[in-house]
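Structure file structure_13.csv (CSV, C-alpha atoms and all ligand atoms) follows.
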chain,number,residue,atom,x,y,z
W,87,MET,CA,11.4,-9.0,-16.7
W,88,PHE,CA,7.7,-9.6,-17.6
W,89,SER,CA,5.7,-7.5,-20.0
W,90,VAL,CA,2.3,-6.6,-18.5
W,91,ARG,CA,-0.8,-5.0,-20.0
W,92,SER,CA,-2.5,-2.1,-18.3
W,93,ALA,CA,-5.7,-1.8,-16.2
W,94,PHE,CA,-7.2,1.6,-15.5
W,95,ILE,CA,-8.8,2.6,-12.2
W,96,ARG,CA,-10.4,6.0,-12.4
W,97,GLY,CA,-7.6,6.9,-14.8
W,98,LEU,CA,-4.9,5.5,-12.6
W,99,GLU,CA,-2.9,3.1,-14.7
W,100,ILE,CA,-2.0,-0.3,-13.1
W,101,GLY,CA,0.6,-2.4,-14.9
W,102,GLY,CA,2.1,-1.4,-18.3
W,103,LYS,CA,4.9,1.1,-17.7
W,104,ALA,CA,3.2,2.6,-14.6
W,105,PRO,CA,5.0,2.7,-11.3
W,106,VAL,CA,4.1,0.0,-8.8
W,107,ARG,CA,1.0,1.3,-6.9
W,108,ILE,CA,0.5,1.1,-3.1
W,109,GLN,CA,-2.8,0.2,-1.6
W,110,THR,CA,-4.3,-0.4,1.8
W,111,MET,CA,-7.7,-1.4,3.1
W,112,TYR,CA,-9.8,0.6,5.5
W,113,ASP,CA,-10.0,-0.9,9.0
W,114,ARG,CA,-13.3,0.2,10.3
W,115,PRO,CA,-16.9,-0.4,9.2
W,116,PHE,CA,-19.0,2.4,7.7
W,117,GLY,CA,-20.9,4.3,10.4
W,118,ALA,CA,-18.1,3.9,13.0
W,119,GLU,CA,-17.0,7.5,12.2
W,120,SER,CA,-18.1,10.3,10.0
W,121,VAL,CA,-17.4,10.5,6.3
W,122,ASP,CA,-15.4,13.6,6.8
W,123,GLU,CA,-13.2,11.7,9.3
W,124,ILE,CA,-12.7,8.9,6.8
W,125,LEU,CA,-11.8,11.3,4.1
W,126,ARG,CA,-9.3,13.1,6.3
W,127,ARG,CA,-7.6,9.8,6.9
W,128,ILE,CA,-7.6,8.9,3.3
W,129,SER,CA,-6.0,12.2,2.5
W,130,SER,CA,-3.3,11.6,5.1
W,131,LEU,CA,-2.7,8.0,3.7
W,132,SER,CA,-2.6,9.5,0.2
W,133,ALA,CA,0.0,12.1,1.3
W,134,MET,CA,2.1,9.3,2.7
W,135,GLY,CA,2.1,7.5,-0.7
W,136,CYS,CA,-1.1,5.4,-0.8
W,137,ASP,CA,-2.6,5.2,-4.3
W,138,LEU,CA,-5.7,3.1,-3.8
W,139,ILE,CA,-8.0,2.5,-0.8
W,140,ARG,CA,-10.3,-0.5,-0.4
W,141,PHE,CA,-13.4,-0.8,1.7
W,142,SER,CA,-15.4,-3.8,2.8
W,143,PHE,CA,-18.8,-3.4,1.2
W,144,ARG,CA,-21.1,-5.6,3.2
W,145,SER,CA,-24.7,-4.4,3.0
W,146,ARG,CA,-27.2,-2.0,1.5
W,147,SER,CA,-26.7,0.4,4.5
W,148,ASP,CA,-23.0,0.8,3.4
W,149,ALA,CA,-24.1,2.4,0.1
W,150,PRO,CA,-24.7,6.0,1.1
W,151,TYR,CA,-21.3,6.2,3.0
W,152,PHE,CA,-19.5,4.5,0.2
W,153,SER,CA,-21.1,6.6,-2.5
W,154,GLU,CA,-20.0,9.9,-0.8
W,155,ILE,CA,-16.5,8.6,-0.2
W,156,CYS,CA,-16.2,7.6,-3.9
W,157,ARG,CA,-17.3,11.1,-4.9
W,158,ARG,CA,-14.9,12.9,-2.6
W,159,SER,CA,-11.9,10.7,-2.2
W,160,PRO,CA,-8.6,12.0,-3.6
W,161,ILE,CA,-7.6,8.5,-4.6
W,162,PRO,CA,-9.5,5.7,-6.4
W,163,VAL,CA,-11.8,3.6,-4.2
W,164,VAL,CA,-12.2,-0.2,-4.3
W,165,ALA,CA,-15.1,-2.2,-2.9
W,166,ASP,CA,-14.3,-5.5,-1.5
W,167,ILE,CA,-17.2,-8.0,-2.1
W,168,HIS,CA,-17.8,-11.5,-0.8
W,169,PHE,CA,-20.6,-13.9,-1.5
W,170,ASP,CA,-23.4,-11.5,-2.6
W,171,TYR,CA,-23.3,-10.4,-6.3
W,172,ARG,CA,-26.0,-7.8,-5.5
W,173,MET,CA,-23.5,-6.0,-3.3
W,174,ALA,CA,-21.1,-5.9,-6.2
W,175,LEU,CA,-23.8,-4.4,-8.4
W,176,LEU,CA,-24.7,-1.9,-5.7
W,177,ALA,CA,-21.0,-0.9,-5.2
W,178,ILE,CA,-20.7,-0.3,-8.9
W,179,GLU,CA,-23.9,1.8,-8.9
W,180,SER,CA,-22.6,3.7,-5.9
W,181,GLY,CA,-19.5,4.8,-7.8
W,182,ALA,CA,-16.8,2.2,-7.0
W,183,ASP,CA,-13.7,2.7,-9.2
W,184,LYS,CA,-12.8,-1.0,-8.9
W,185,ILE,CA,-14.3,-4.0,-7.2
W,186,ARG,CA,-12.5,-7.0,-5.8
W,187,ILE,CA,-14.2,-10.3,-6.0
W,188,ASN,CA,-13.4,-14.0,-5.7
W,189,PRO,CA,-15.7,-15.4,-8.4
W,190,GLY,CA,-15.4,-18.8,-6.5
W,191,ASN,CA,-17.5,-17.4,-3.6
W,192,ILE,CA,-20.0,-15.5,-5.7
W,193,GLY,CA,-21.8,-18.7,-6.6
W,194,ALA,CA,-23.5,-19.4,-9.9
W,195,GLU,CA,-21.6,-18.3,-13.0
W,196,TRP,CA,-24.4,-16.0,-14.2
W,197,LYS,CA,-24.0,-13.9,-11.1
W,198,THR,CA,-20.3,-13.2,-11.9
W,199,ARG,CA,-21.4,-12.5,-15.5
W,200,LYS,CA,-23.8,-9.9,-14.3
W,201,ILE,CA,-21.1,-8.2,-12.2
W,202,ILE,CA,-18.7,-8.2,-15.3
W,203,LYS,CA,-21.4,-6.6,-17.5
W,204,ALA,CA,-22.2,-3.9,-14.9
W,205,ALA,CA,-18.5,-3.2,-14.4
W,206,MET,CA,-18.0,-2.9,-18.2
W,207,ASP,CA,-21.0,-0.6,-18.6
W,208,SER,CA,-19.6,1.7,-15.8
W,209,ASN,CA,-16.0,1.5,-16.8
W,210,VAL,CA,-15.1,-0.1,-13.5
W,211,ALA,CA,-12.1,-2.3,-13.0
W,212,ILE,CA,-12.3,-5.7,-11.3
W,213,ARG,CA,-9.6,-7.5,-9.3
W,214,ILE,CA,-9.9,-11.3,-9.3
W,215,GLY,CA,-8.7,-11.9,-5.8
W,216,LEU,CA,-7.9,-15.5,-4.8
W,217,ASN,CA,-6.7,-16.6,-1.5
W,218,SER,CA,-5.2,-20.0,-0.8
W,219,GLY,CA,-7.6,-20.5,2.1
W,220,SER,CA,-10.7,-20.4,-0.1
W,221,LEU,CA,-9.4,-22.4,-3.0
W,222,PRO,CA,-11.5,-25.4,-4.1
W,223,GLU,CA,-10.0,-28.9,-3.6
W,224,GLY,CA,-8.2,-30.3,-6.7
W,225,GLU,CA,-5.1,-31.7,-8.2
W,226,GLY,CA,-1.7,-30.0,-8.0
W,227,SER,CA,0.1,-27.7,-5.6
W,228,VAL,CA,-1.7,-24.7,-4.0
W,229,PRO,CA,0.1,-22.2,-6.3
W,230,GLU,CA,-0.7,-24.2,-9.4
W,231,ARG,CA,-4.4,-24.5,-8.4
W,232,MET,CA,-4.5,-20.7,-7.7
W,233,VAL,CA,-3.1,-20.0,-11.1
W,234,GLN,CA,-5.4,-22.5,-12.9
W,235,SER,CA,-8.4,-20.9,-11.1
W,236,ALA,CA,-7.3,-17.4,-12.1
W,237,LEU,CA,-6.7,-18.3,-15.7
W,238,GLY,CA,-10.2,-19.9,-15.8
W,239,TYR,CA,-11.8,-16.8,-14.4
W,240,ILE,CA,-9.9,-14.6,-16.9
W,241,ASP,CA,-11.4,-16.8,-19.7
W,242,LEU,CA,-14.8,-16.1,-18.3
W,243,PHE,CA,-14.2,-12.4,-18.1
W,244,GLU,CA,-12.8,-12.3,-21.7
W,245,SER,CA,-15.8,-14.2,-23.0
W,246,GLU,CA,-17.8,-11.1,-21.9
W,247,GLY,CA,-15.2,-8.9,-23.6
W,248,PHE,CA,-13.9,-7.6,-20.2
W,249,THR,CA,-10.1,-7.1,-19.8
W,250,ASN,CA,-9.9,-4.2,-17.3
W,251,THR,CA,-8.7,-6.8,-14.8
W,252,VAL,CA,-6.1,-7.2,-12.1
W,253,VAL,CA,-5.3,-10.5,-10.4
W,254,SER,CA,-4.1,-11.3,-7.0
W,255,LEU,CA,-3.0,-14.8,-5.7
W,256,LYS,CA,-2.4,-14.6,-2.0
W,257,SER,CA,-1.4,-17.0,0.7
W,258,SER,CA,-0.3,-16.5,4.3
W,259,ASP,CA,2.7,-18.6,3.3
W,260,ALA,CA,5.4,-16.5,1.7
W,261,GLU,CA,6.8,-19.2,-0.6
W,262,GLU,CA,3.3,-20.2,-1.9
W,263,THR,CA,2.6,-16.5,-2.7
W,264,VAL,CA,5.9,-16.1,-4.5
W,265,GLU,CA,5.5,-19.3,-6.5
W,266,ALA,CA,1.9,-18.5,-7.5
W,267,ALA,CA,2.8,-15.0,-8.6
W,268,ARG,CA,5.7,-16.3,-10.7
W,269,LEU,CA,3.7,-19.0,-12.3
W,270,PHE,CA,1.0,-16.6,-13.2
W,271,ALA,CA,3.5,-14.1,-14.6
W,272,GLU,CA,4.9,-16.8,-16.9
W,273,ARG,CA,1.4,-17.6,-18.2
W,274,SER,CA,-0.5,-14.4,-18.3
W,275,ASP,CA,0.2,-10.7,-19.0
W,276,TYR,CA,-2.6,-9.3,-16.7
W,277,PRO,CA,-1.3,-7.0,-14.0
W,278,GLN,CA,-0.9,-8.5,-10.5
W,279,HIS,CA,-1.6,-7.1,-7.1
W,280,ILE,CA,0.8,-8.8,-4.7
W,281,GLY,CA,0.7,-9.2,-1.0
W,282,ILE,CA,0.9,-11.8,1.8
W,283,THR,CA,-2.5,-12.4,3.4
W,284,GLU,CA,-3.0,-12.7,7.1
W,285,ALA,CA,0.6,-11.8,7.5
W,286,GLY,CA,0.8,-11.0,11.2
W,287,ASP,CA,1.5,-7.9,13.2
W,288,SER,CA,3.4,-4.9,11.9
W,289,VAL,CA,6.9,-6.3,12.6
W,290,ILE,CA,6.2,-9.9,11.5
W,291,SER,CA,4.3,-8.8,8.4
W,292,ALA,CA,7.0,-6.2,7.4
W,293,VAL,CA,9.7,-8.9,7.5
W,294,ARG,CA,7.6,-11.7,5.9
W,295,SER,CA,6.3,-9.3,3.2
W,296,ALA,CA,9.7,-7.8,2.4
W,297,TRP,CA,11.3,-11.2,2.0
W,298,ALA,CA,8.5,-12.5,-0.3
W,299,LEU,CA,7.4,-9.3,-2.2
W,300,GLY,CA,10.9,-7.9,-2.5
W,301,ARG,CA,12.0,-10.9,-4.5
W,302,LEU,CA,8.9,-10.6,-6.8
W,303,LEU,CA,9.3,-6.9,-7.3
W,304,SER,CA,13.0,-7.1,-8.0
W,305,SER,CA,12.2,-9.7,-10.7
W,306,GLY,CA,9.6,-7.4,-12.3
W,307,ILE,CA,6.5,-9.0,-10.9
W,308,GLY,CA,3.9,-6.9,-9.1
W,309,ASP,CA,2.0,-3.9,-10.3
W,310,THR,CA,0.2,-3.0,-7.0
W,311,VAL,CA,1.3,-4.0,-3.5
W,312,ARG,CA,-0.2,-4.1,-0.1
W,313,ILE,CA,1.7,-5.0,3.0
W,314,SER,CA,-1.2,-6.2,5.1
W,315,MET,CA,-0.8,-6.0,8.8
W,316,THR,CA,-2.7,-6.7,12.0
W,317,GLY,CA,-1.9,-3.1,12.7
W,318,ASP,CA,-2.1,0.5,11.5
W,319,ARG,CA,-3.0,1.2,7.9
W,320,GLU,CA,-0.5,4.0,8.1
W,321,ASP,CA,2.2,1.4,8.8
W,322,GLU,CA,1.1,-0.6,5.8
W,323,VAL,CA,1.6,2.4,3.5
W,324,VAL,CA,5.0,3.3,5.1
W,325,ALA,CA,6.2,-0.3,4.8
W,326,ALA,CA,5.1,-0.6,1.2
W,327,ALA,CA,6.7,2.8,0.2
W,328,GLU,CA,9.9,1.7,2.0
W,329,LEU,CA,9.9,-1.6,0.2
W,330,LEU,CA,9.6,0.0,-3.2
W,331,ARG,CA,12.4,2.4,-2.3
W,332,SER,CA,14.6,-0.4,-1.0
W,333,VAL,CA,14.1,-2.5,-4.2
W,334,GLY,CA,15.0,0.6,-6.3
W,335,LEU,CA,11.5,1.0,-7.8
W,336,SER,CA,10.8,4.4,-6.2
W,337,GLY,CA,13.0,7.4,-5.4
W,338,LYS,CA,10.0,9.4,-4.4
W,339,GLY,CA,9.1,10.8,-1.0
W,340,VAL,CA,10.9,11.3,2.2
W,341,ARG,CA,13.6,8.7,3.1
W,342,ILE,CA,14.1,8.5,6.9
W,343,VAL,CA,17.5,7.6,8.4
W,344,SER,CA,17.4,7.3,12.2
W,345,CYS,CA,19.6,5.8,14.9
W,346,PRO,CA,18.1,3.2,17.2
W,347,ARG,CA,19.0,5.4,20.3
W,348,CYS,CA,21.3,4.0,23.1
W,349,GLY,CA,22.5,5.2,26.4
W,350,ARG,CA,24.6,7.9,24.8
W,351,ASN,CA,21.6,9.7,23.4
W,352,THR,CA,20.9,13.3,24.3
W,353,PHE,CA,18.1,13.6,21.7
W,354,ASP,CA,15.1,11.1,21.9
W,355,THR,CA,15.0,9.8,18.4
W,356,ILE,CA,12.3,7.2,19.2
W,357,GLY,CA,10.0,9.9,20.7
W,358,PHE,CA,10.7,12.3,17.9
W,359,LEU,CA,9.8,9.8,15.2
W,360,LYS,CA,6.7,8.6,17.0
W,361,GLU,CA,5.5,12.2,17.2
W,362,ASN,CA,6.6,13.4,13.7
W,363,ARG,CA,6.8,10.5,11.3
W,364,THR,CA,3.5,11.1,9.6
W,365,ARG,CA,4.3,14.8,9.2
W,366,LEU,CA,7.7,14.0,7.8
W,367,LEU,CA,6.4,11.4,5.4
W,368,SER,CA,3.6,13.7,4.2
W,369,LEU,CA,6.0,16.3,3.0
W,370,ASP,CA,5.8,16.5,-0.8
W,371,ARG,CA,9.5,16.3,-1.2
W,372,ASP,CA,12.0,13.7,-2.4
W,373,ILE,CA,14.6,14.1,0.4
W,374,THR,CA,16.6,12.2,3.0
W,375,VAL,CA,16.1,13.2,6.6
W,376,ALA,CA,18.4,11.9,9.4
W,377,ILE,CA,17.3,11.8,13.0
W,378,MET,CA,20.2,11.0,15.3
W,379,GLY,CA,20.6,10.7,19.0
W,380,CYS,CA,24.1,12.1,19.6
W,381,ILE,CA,27.3,13.3,18.1
W,382,VAL,CA,28.9,9.8,17.7
W,383,ASN,CA,27.2,9.3,14.3
W,384,GLY,CA,24.9,12.4,14.1
W,385,PRO,CA,27.2,14.9,12.2
W,386,GLY,CA,28.4,12.1,9.9
W,387,GLU,CA,24.9,11.1,8.9
W,388,ALA,CA,24.0,14.8,8.5
W,389,GLY,CA,26.7,14.9,5.8
W,390,TYR,CA,24.7,12.4,3.7
W,391,ALA,CA,21.2,13.8,4.4
W,392,ASP,CA,19.4,16.7,3.0
W,393,TYR,CA,18.2,17.6,6.5
W,394,ALA,CA,19.4,16.2,9.8
W,395,ILE,CA,18.7,16.7,13.5
W,396,THR,CA,21.1,15.3,16.1
W,397,GLY,CA,21.6,15.4,19.8
W,398,SER,CA,24.5,17.7,20.7
W,399,GLY,CA,25.2,18.1,24.4
W,400,ASP,CA,21.9,19.0,26.1
W,401,LYS,CA,20.6,20.6,22.9
W,402,ALA,CA,19.7,19.5,19.3
W,403,SER,CA,21.7,20.6,16.3
W,404,ILE,CA,20.0,21.0,12.9
W,405,TYR,CA,21.8,20.6,9.6
W,406,ARG,CA,21.0,21.4,6.0
W,407,LYS,CA,23.1,19.5,3.4
W,408,GLY,CA,25.6,18.8,6.1
W,409,GLU,CA,25.9,22.5,7.1
W,410,LEU,CA,25.0,23.4,10.7
W,411,VAL,CA,22.0,25.7,10.6
W,412,GLY,CA,21.6,26.2,14.3
W,413,THR,CA,21.3,24.6,17.8
W,414,VAL,CA,18.0,24.7,19.7
W,415,GLU,CA,16.6,23.4,23.0
W,416,ASN,CA,15.2,19.9,22.6
W,417,GLU,CA,11.7,21.0,23.3
W,418,ASN,CA,11.8,23.4,20.3
W,419,ALA,CA,13.6,21.0,18.0
W,420,ALA,CA,10.7,19.6,16.0
W,421,GLU,CA,9.2,23.0,15.1
W,422,ARG,CA,12.5,24.5,14.2
W,423,PHE,CA,13.4,21.4,12.2
W,424,PHE,CA,10.3,21.6,10.1
W,425,GLU,CA,10.8,25.4,9.6
W,426,VAL,CA,14.3,24.6,8.2
W,427,ILE,CA,12.9,21.9,5.9
W,428,ASN,CA,10.2,24.2,4.6
W,429,GLU,CA,12.6,27.2,4.1
W,430,ARG,CA,14.2,25.2,1.2
W,501,LIG,S1,24.0,8.0,17.2
W,501,LIG,FE1,24.5,8.1,19.4
W,501,LIG,S2,22.5,7.7,20.5
W,501,LIG,FE2,22.3,7.0,18.4
W,501,LIG,S3,22.8,4.8,18.5
W,501,LIG,FE3,24.7,5.9,17.8
W,501,LIG,S4,25.8,6.3,19.8
W,501,LIG,FE4,23.6,5.7,20.3
As structure tokens, how would this structure be written, given the file I've shared?
Ligand code: SF4
Amino acid sequence: MFSVRSAFIRGLEIGGKAPVRIQTMYDRPFGAESVDEILRRISSLSAMGCDLIRFSFRSRSDAPYFSEICRRSPIPVVADIHFDYRMALLAIESGADKIRINPGNIGAEWKTRKIIKAAMDSNVAIRIGLNSGSLPEGEGSVPERMVQSALGYIDLFESEGFTNTVVSLKSSDAEETVEAARLFAERSDYPQHIGITEAGDSVISAVRSAWALGRLLSSGIGDTVRISMTGDREDEVVAAAELLRSVGLSGKGVRIVSCPRCGRNTFDTIGFLKENRTRLLSLDRDITVAIMGCIVNGPGEAGYADYAITGSGDKASIYRKGELVGTVENENAAERFFEVINER
């Protein structure tokens, strides 16, 4: 296991003895929807387990939206900056809790120093985010060069007295990502944000990320995680929460057990989960919920779950701690199931 120092993002500890944090990145530009709509979605993501939300901060016209979101968001807000150091300064001025930069694409060193000073004055954290695709040419393997670059930037930050830093070293190649994160953990105690970049659609990314990030997390590497997907942000958060649970790093939240459904089903588990997954995962409870299609495995799984619903003949049976609570028509199953869960 690796000992890691802490960074603080609006009071949220990253690294140290803090739990591994989950983050995602907003998928629409500012102005595409109202700030209220964005905040409603952030609240929903937060209820599902998201700890940090990142936005692309591209131009001066983003500032008013970003500023209001920073003021009202229930979770810390990160500005993602590329190329223009003035956008980093503006994001900090607008209330960012953290900014993510790749100093390699900010240009002259004095520009990065300006960002560091502004972040220090405003108590804003910085993530040094390096991707294999934007690494300068040089000697050594890609992971080695990523680590060397990151350590060089850390020296620069420390020369300004700045240590509220998180580092990420990402590649679309799972093995390069694992190797870079391991090498970095051996040479530095700064917290790491881990993830596979450009990881594919929801299914491909979930598998690739679980294989790579699961190994890192189980060896004690990784302080925040994103499972980036060409897909829904909600799925990113669900996948990350499930990965932490599967690795044994979190027992929090709702654990869903569900059967794949087959020709024997009398209860549509696929449709039920599609309709109700967000509502289930937003419950502020640490429970196991089983959603089962028929009596072949339904009552058995109900015995292990806190709450279960299973097809039973042409109706749905609802269980609490393995005890049958009642049987309802399928069309009323969801409402009755949530009533039972909320009765406690
Ligand atoms: S519980 Fe029933 S419906 Fe679900 S997969 Fe098993 S046999 Fe099929």
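Atom CA of Met315 of chain W is positioned 14.4 Å from atom CA of Leu329 of chain W.
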Using all atoms listed in the file, find each residue of chain W with at least one atom at most 9 Å away from an atom of ligand LIG 501 (chain W); report its shortest atom-to-atom pair and that distance in Å (one decimal), sort the rows by chain and rising residue number, and return the result as a Markdown table.
| residue | atom | partner | partner_atom | distance |
| --- | --- | --- | --- | --- |
| W:Ser344 | CA | W:LIG501 | FE2 | 7.9 |
| W:Cys345 | CA | W:LIG501 | FE2 | 4.6 |
| W:Pro346 | CA | W:LIG501 | S3 | 5.1 |
| W:Arg347 | CA | W:LIG501 | FE2 | 4.1 |
| W:Cys348 | CA | W:LIG501 | FE4 | 4.0 |
| W:Gly349 | CA | W:LIG501 | FE4 | 6.2 |
| W:Arg350 | CA | W:LIG501 | S2 | 4.8 |
| W:Asn351 | CA | W:LIG501 | S2 | 3.6 |
| W:Thr352 | CA | W:LIG501 | S2 | 7.0 |
| W:Phe353 | CA | W:LIG501 | S2 | 7.5 |
| W:Asp354 | CA | W:LIG501 | S2 | 8.3 |
| W:Thr355 | CA | W:LIG501 | FE2 | 7.8 |
| W:Ile377 | CA | W:LIG501 | S1 | 8.8 |
| W:Met378 | CA | W:LIG501 | S1 | 5.2 |
| W:Gly379 | CA | W:LIG501 | S2 | 3.9 |
| W:Cys380 | CA | W:LIG501 | FE1 | 4.0 |
| W:Ile381 | CA | W:LIG501 | FE1 | 6.0 |
| W:Val382 | CA | W:LIG501 | FE1 | 5.0 |
| W:Asn383 | CA | W:LIG501 | S1 | 4.5 |
| W:Gly384 | CA | W:LIG501 | S1 | 5.5 |
| W:Glu387 | CA | W:LIG501 | S1 | 8.9 |
| W:Thr396 | CA | W:LIG501 | S1 | 7.9 |
| W:Gly397 | CA | W:LIG501 | S2 | 7.8 |
Based on the selection just made, write C-alpha atoms of those residues as a tab-separated table (two decimals), in the coordinates of the input.
chain	number	residue	atom	x	y	z
W	344	SER	CA	17.40	7.30	12.20
W	345	CYS	CA	19.60	5.80	14.90
W	346	PRO	CA	18.10	3.20	17.20
W	347	ARG	CA	19.00	5.40	20.30
W	348	CYS	CA	21.30	4.00	23.10
W	349	GLY	CA	22.50	5.20	26.40
W	350	ARG	CA	24.60	7.90	24.80
W	351	ASN	CA	21.60	9.70	23.40
W	352	THR	CA	20.90	13.30	24.30
W	353	PHE	CA	18.10	13.60	21.70
W	354	ASP	CA	15.10	11.10	21.90
W	355	THR	CA	15.00	9.80	18.40
W	377	ILE	CA	17.30	11.80	13.00
W	378	MET	CA	20.20	11.00	15.30
W	379	GLY	CA	20.60	10.70	19.00
W	380	CYS	CA	24.10	12.10	19.60
W	381	ILE	CA	27.30	13.30	18.10
W	382	VAL	CA	28.90	9.80	17.70
W	383	ASN	CA	27.20	9.30	14.30
W	384	GLY	CA	24.90	12.40	14.10
W	387	GLU	CA	24.90	11.10	8.90
W	396	THR	CA	21.10	15.30	16.10
W	397	GLY	CA	21.60	15.40	19.80
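For segment 108-113 of chain W, the list of residues within 8 Å, based on all atoms listed in the file and with local chain neighbours fewer than 3 positions off taken out, reads W:Gly135, W:Cys136, W:Asp137, W:Leu138, W:Ile139, W:Arg140, W:Phe141, W:Ser142, W:Thr310, W:Val311, W:Arg312, W:Ile313, W:Ser314, W:Arg319, W:Glu322, W:Val323, W:Ala326, W:Ala327.
A straight line drawn from atom CA of Leu175 of chain W to atom CA of Arg158 of chain W is 20.3 Å long.
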| query | Excluding same-chain residues fewer than 5 positions from segment 231-234 of chain W, what lies within 9 Å of it counting only C-alpha atoms, as number ranges by chain? | reply | W: 216-218, 221-226, 239, 255-256, 266-267, 269-270, 273
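The coordinates place atom CA of Ile202 of chain W at 25.1 Å from atom CA of Val106 of chain W.
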| request: Give the answer as one residue: which of W:Asp259, W:Asp370, W:Asp170, W:Glu123 has the shortest atom-to-atom distance to Ala285 of chain W, using only C-alpha atoms? | output: W:Asp259
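Remark: for Ser180 of chain W, the closest of the candidate residues W:Asp321, W:Asp148, W:Asp372, W:Glu265 is W:Asp148 (distances computed over only C-alpha atoms).
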| Pick from W:Thr283, W:Thr249, W:Val210, W:Asp318: nearest to Arg127 of chain W, with only C-alpha atoms counted? | W:Asp318
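Take the candidates W:Asn416, W:Ser235, W:Thr374, W:Ser403 and check each one against Gly357 of chain W using all atoms listed in the file; the shortest distance goes to W:Asn416.
Within 8 Å of the point (-13.1, -7.8, -6.7), and counting all atoms listed in the file, the protein, DNA and RNA residues are Ala165, Asp166, Ile167, Lys184, Ile185, Arg186, Ile187, Asn188, Ile212, Arg213, Ile214 and Gly215 of chain W.
Restricting the calculation to all atoms listed in the file, the smallest distance between Phe152 of chain W and any of W:Gly286, W:Pro277, W:Gly190, W:Gly181 is found for W:Gly181.
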| field | Top pick for closest residue to Ala204 of chain W, considering W:Glu246, W:Glu262, W:Asp392, W:Asp241 and counting all atoms listed in the file | value | W:Glu246
